[in-house]
Amino acid sequence: VQLQASGGGLARAGGSLRLSCTASGRTSSSSVIGWFRRAPGKEREIVATIGWRTGTTHYADSAKGRFTIGRDNTKKTAYLQMDSLKPEDTALYYCSATSVTGKFDYWGQGTLVTVSS
């Protein structure tokens with residue numbers, strides 16, 4: 001499975017960005033897609049997840065009410081709509097997918113999000 005992330009960029013505080021993650025290869029409908037981020041000097045953290053088949057979502061507290069994760073199964077693409085951005089959202093964002101092990105074993109390249117105050 002290959003994952004291609006895109007959509008990062010520069011936004012002002014209070015603005016919005018939409019990240020996309022497109023999967024290719026042998027994907028599984030039972031996979032979970034996750035968005036993670038790593039801010040400068042910090043550990044990687046999970047932002048949101050969505051079940052590929054079920055559409056069940058989970059959010060980190062930092063993302064609740066501001067970010068929305070979605071997917072389009074026909075395009076094998078997951079999205080992360082980020083609204084009301086804050087400077088602390090500045091990070092390298094990664095998408096990942098679980099394998100048959102249930103672990104996030106597949107990773108896309110990061111896409112940089114920079115939020116200015």
# chains A, B, ... in the order shown; residues from 1 in each chain; ligands from 1

$ select_by_dssp --residues "range 2-114 of chain A" --states "strand (DSSP E)" --output "PyMOL selection string"
chain A and resi 2-6+9-12+17-24+32-38+44-51+57-59+67-72+77-82+91-98+104-107+111-114

$ write_last_selection --atoms "C-alpha atoms" --output "PDB file, in the first residue's frame"
ATOM      1  CA  GLN A   2       1.304   3.424  -0.944  1.00  0.00           C
ATOM      2  CA  LEU A   3      -0.053   6.625   0.511  1.00  0.00           C
ATOM      3  CA  GLN A   4       0.313  10.041  -1.060  1.00  0.00           C
ATOM      4  CA  ALA A   5      -0.425  13.041   1.121  1.00  0.00           C
ATOM      5  CA  SER A   6      -0.997  16.526  -0.186  1.00  0.00           C
ATOM      6  CA  GLY A   9       0.779  24.931   3.026  1.00  0.00           C
ATOM      7  CA  LEU A  10       0.704  28.237   4.784  1.00  0.00           C
ATOM      8  CA  ALA A  11      -2.399  29.561   6.499  1.00  0.00           C
ATOM      9  CA  ARG A  12      -3.172  32.355   8.885  1.00  0.00           C
ATOM     10  CA  LEU A  17      -6.555  23.930   5.001  1.00  0.00           C
ATOM     11  CA  ARG A  18      -7.620  20.601   3.569  1.00  0.00           C
ATOM     12  CA  LEU A  19      -5.248  17.676   3.456  1.00  0.00           C
ATOM     13  CA  SER A  20      -5.724  14.680   1.203  1.00  0.00           C
ATOM     14  CA  CYS A  21      -4.312  11.187   1.380  1.00  0.00           C
ATOM     15  CA  THR A  22      -4.690   8.912  -1.620  1.00  0.00           C
ATOM     16  CA  ALA A  23      -4.025   5.215  -1.331  1.00  0.00           C
ATOM     17  CA  SER A  24      -2.829   2.905  -4.059  1.00  0.00           C
ATOM     18  CA  VAL A  32      -8.205   2.487   9.447  1.00  0.00           C
ATOM     19  CA  ILE A  33      -6.761   5.698   8.049  1.00  0.00           C
ATOM     20  CA  GLY A  34      -5.089   8.038  10.459  1.00  0.00           C
ATOM     21  CA  TRP A  35      -3.689  11.520  10.316  1.00  0.00           C
ATOM     22  CA  PHE A  36      -0.711  12.182  12.550  1.00  0.00           C
ATOM     23  CA  ARG A  37       1.460  15.208  13.049  1.00  0.00           C
ATOM     24  CA  ARG A  38       4.860  16.048  14.393  1.00  0.00           C
ATOM     25  CA  ARG A  44       4.430  12.554  16.825  1.00  0.00           C
ATOM     26  CA  GLU A  45       0.796  12.594  17.849  1.00  0.00           C
ATOM     27  CA  ILE A  46      -2.369  11.227  16.383  1.00  0.00           C
ATOM     28  CA  VAL A  47      -4.862  13.774  15.124  1.00  0.00           C
ATOM     29  CA  ALA A  48      -7.800  11.801  13.780  1.00  0.00           C
ATOM     30  CA  THR A  49      -8.745   8.409  12.418  1.00  0.00           C
ATOM     31  CA  ILE A  50     -11.476   7.012  10.218  1.00  0.00           C
ATOM     32  CA  GLY A  51     -12.507   3.486   9.381  1.00  0.00           C
ATOM     33  CA  THR A  57     -14.144   8.618  13.346  1.00  0.00           C
ATOM     34  CA  HIS A  58     -12.039   9.485  16.352  1.00  0.00           C
ATOM     35  CA  TYR A  59     -10.335  12.763  17.161  1.00  0.00           C
ATOM     36  CA  PHE A  67     -10.895  19.300  12.250  1.00  0.00           C
ATOM     37  CA  THR A  68     -13.031  16.903  10.249  1.00  0.00           C
ATOM     38  CA  ILE A  69     -11.791  13.647   8.821  1.00  0.00           C
ATOM     39  CA  GLY A  70     -13.591  12.058   5.902  1.00  0.00           C
ATOM     40  CA  ARG A  71     -13.047   9.636   3.079  1.00  0.00           C
ATOM     41  CA  ASP A  72     -14.147   8.917  -0.446  1.00  0.00           C
ATOM     42  CA  THR A  77      -8.812   9.116  -0.625  1.00  0.00           C
ATOM     43  CA  ALA A  78      -9.075  10.334   2.941  1.00  0.00           C
ATOM     44  CA  TYR A  79      -9.304  13.980   3.860  1.00  0.00           C
ATOM     45  CA  LEU A  80      -8.577  16.155   6.839  1.00  0.00           C
ATOM     46  CA  GLN A  81     -10.439  19.433   6.789  1.00  0.00           C
ATOM     47  CA  MET A  82      -8.759  21.767   9.226  1.00  0.00           C
ATOM     48  CA  ALA A  91       3.549  20.571  12.058  1.00  0.00           C
ATOM     49  CA  LEU A  92       4.443  17.971   9.509  1.00  0.00           C
ATOM     50  CA  TYR A  93       1.283  15.991   8.901  1.00  0.00           C
ATOM     51  CA  TYR A  94       1.353  12.342   7.901  1.00  0.00           C
ATOM     52  CA  CYS A  95      -1.333   9.957   6.803  1.00  0.00           C
ATOM     53  CA  SER A  96      -1.119   6.327   7.707  1.00  0.00           C
ATOM     54  CA  ALA A  97      -3.096   3.148   7.226  1.00  0.00           C
ATOM     55  CA  THR A  98      -3.371   0.019   9.283  1.00  0.00           C
ATOM     56  CA  PHE A 104      -0.355   1.721  11.403  1.00  0.00           C
ATOM     57  CA  ASP A 105       2.197   0.059   9.170  1.00  0.00           C
ATOM     58  CA  TYR A 106       1.791   2.116   6.017  1.00  0.00           C
ATOM     59  CA  TRP A 107       2.893   5.729   5.918  1.00  0.00           C
ATOM     60  CA  THR A 111       2.970  17.419   4.196  1.00  0.00           C
ATOM     61  CA  LEU A 112       3.925  20.609   5.988  1.00  0.00           C
ATOM     62  CA  VAL A 113       1.312  22.836   7.557  1.00  0.00           C
ATOM     63  CA  THR A 114       2.419  26.240   8.790  1.00  0.00           C
TER      64      THR A 114
END

$ atom_distance --atom1 "CA of Glu43 in chain A" --atom2 "CA of Ser117 in chain A"
22.4 Å

$ closest_residue --among "A:Thr74, A:Thr101, A:Gln109, A:Ser62" --to "Asp89 in chain A" --atoms "only C-alpha atoms"
A:Ser62

$ atom_distance --atom1 "CA of Ser99 in chain A" --atom2 "CA of Lys42 in chain A"
25.9 Å

$ select_by_dssp --residues "chain A" --states "helix (DSSP H, G or I)" --output "ChimeraX atom specification"
/A:73-75,87-89

$ write_last_selection --atoms "N, CA, C and O atoms" --output "PDB file, in the first residue's frame"
ATOM      1  N   ASN A  73     -14.394   6.532  -0.649  1.00  0.00           N
ATOM      2  CA  ASN A  73     -13.932   5.184  -0.967  1.00  0.00           C
ATOM      3  C   ASN A  73     -13.717   4.982  -2.459  1.00  0.00           C
ATOM      4  O   ASN A  73     -12.826   4.246  -2.869  1.00  0.00           O
ATOM      5  N   THR A  74     -14.517   5.638  -3.272  1.00  0.00           N
ATOM      6  CA  THR A  74     -14.389   5.454  -4.722  1.00  0.00           C
ATOM      7  C   THR A  74     -13.068   6.008  -5.235  1.00  0.00           C
ATOM      8  O   THR A  74     -12.552   5.554  -6.247  1.00  0.00           O
ATOM      9  N   LYS A  75     -12.533   6.974  -4.526  1.00  0.00           N
ATOM     10  CA  LYS A  75     -11.258   7.578  -4.931  1.00  0.00           C
ATOM     11  C   LYS A  75     -10.104   7.097  -4.064  1.00  0.00           C
ATOM     12  O   LYS A  75      -8.970   7.528  -4.250  1.00  0.00           O
ATOM     13  N   PRO A  87      -1.654  28.660  15.495  1.00  0.00           N
ATOM     14  CA  PRO A  87      -0.208  28.504  15.279  1.00  0.00           C
ATOM     15  C   PRO A  87       0.324  27.181  15.813  1.00  0.00           C
ATOM     16  O   PRO A  87       1.257  26.608  15.226  1.00  0.00           O
ATOM     17  N   GLU A  88      -0.274  26.675  16.871  1.00  0.00           N
ATOM     18  CA  GLU A  88       0.196  25.398  17.435  1.00  0.00           C
ATOM     19  C   GLU A  88      -0.167  24.194  16.573  1.00  0.00           C
ATOM     20  O   GLU A  88       0.238  23.070  16.872  1.00  0.00           O
ATOM     21  N   ASP A  89      -0.930  24.413  15.523  1.00  0.00           N
ATOM     22  CA  ASP A  89      -1.195  23.345  14.567  1.00  0.00           C
ATOM     23  C   ASP A  89      -0.053  23.178  13.565  1.00  0.00           C
ATOM     24  O   ASP A  89      -0.062  22.236  12.763  1.00  0.00           O
TER      25      ASP A  89
END
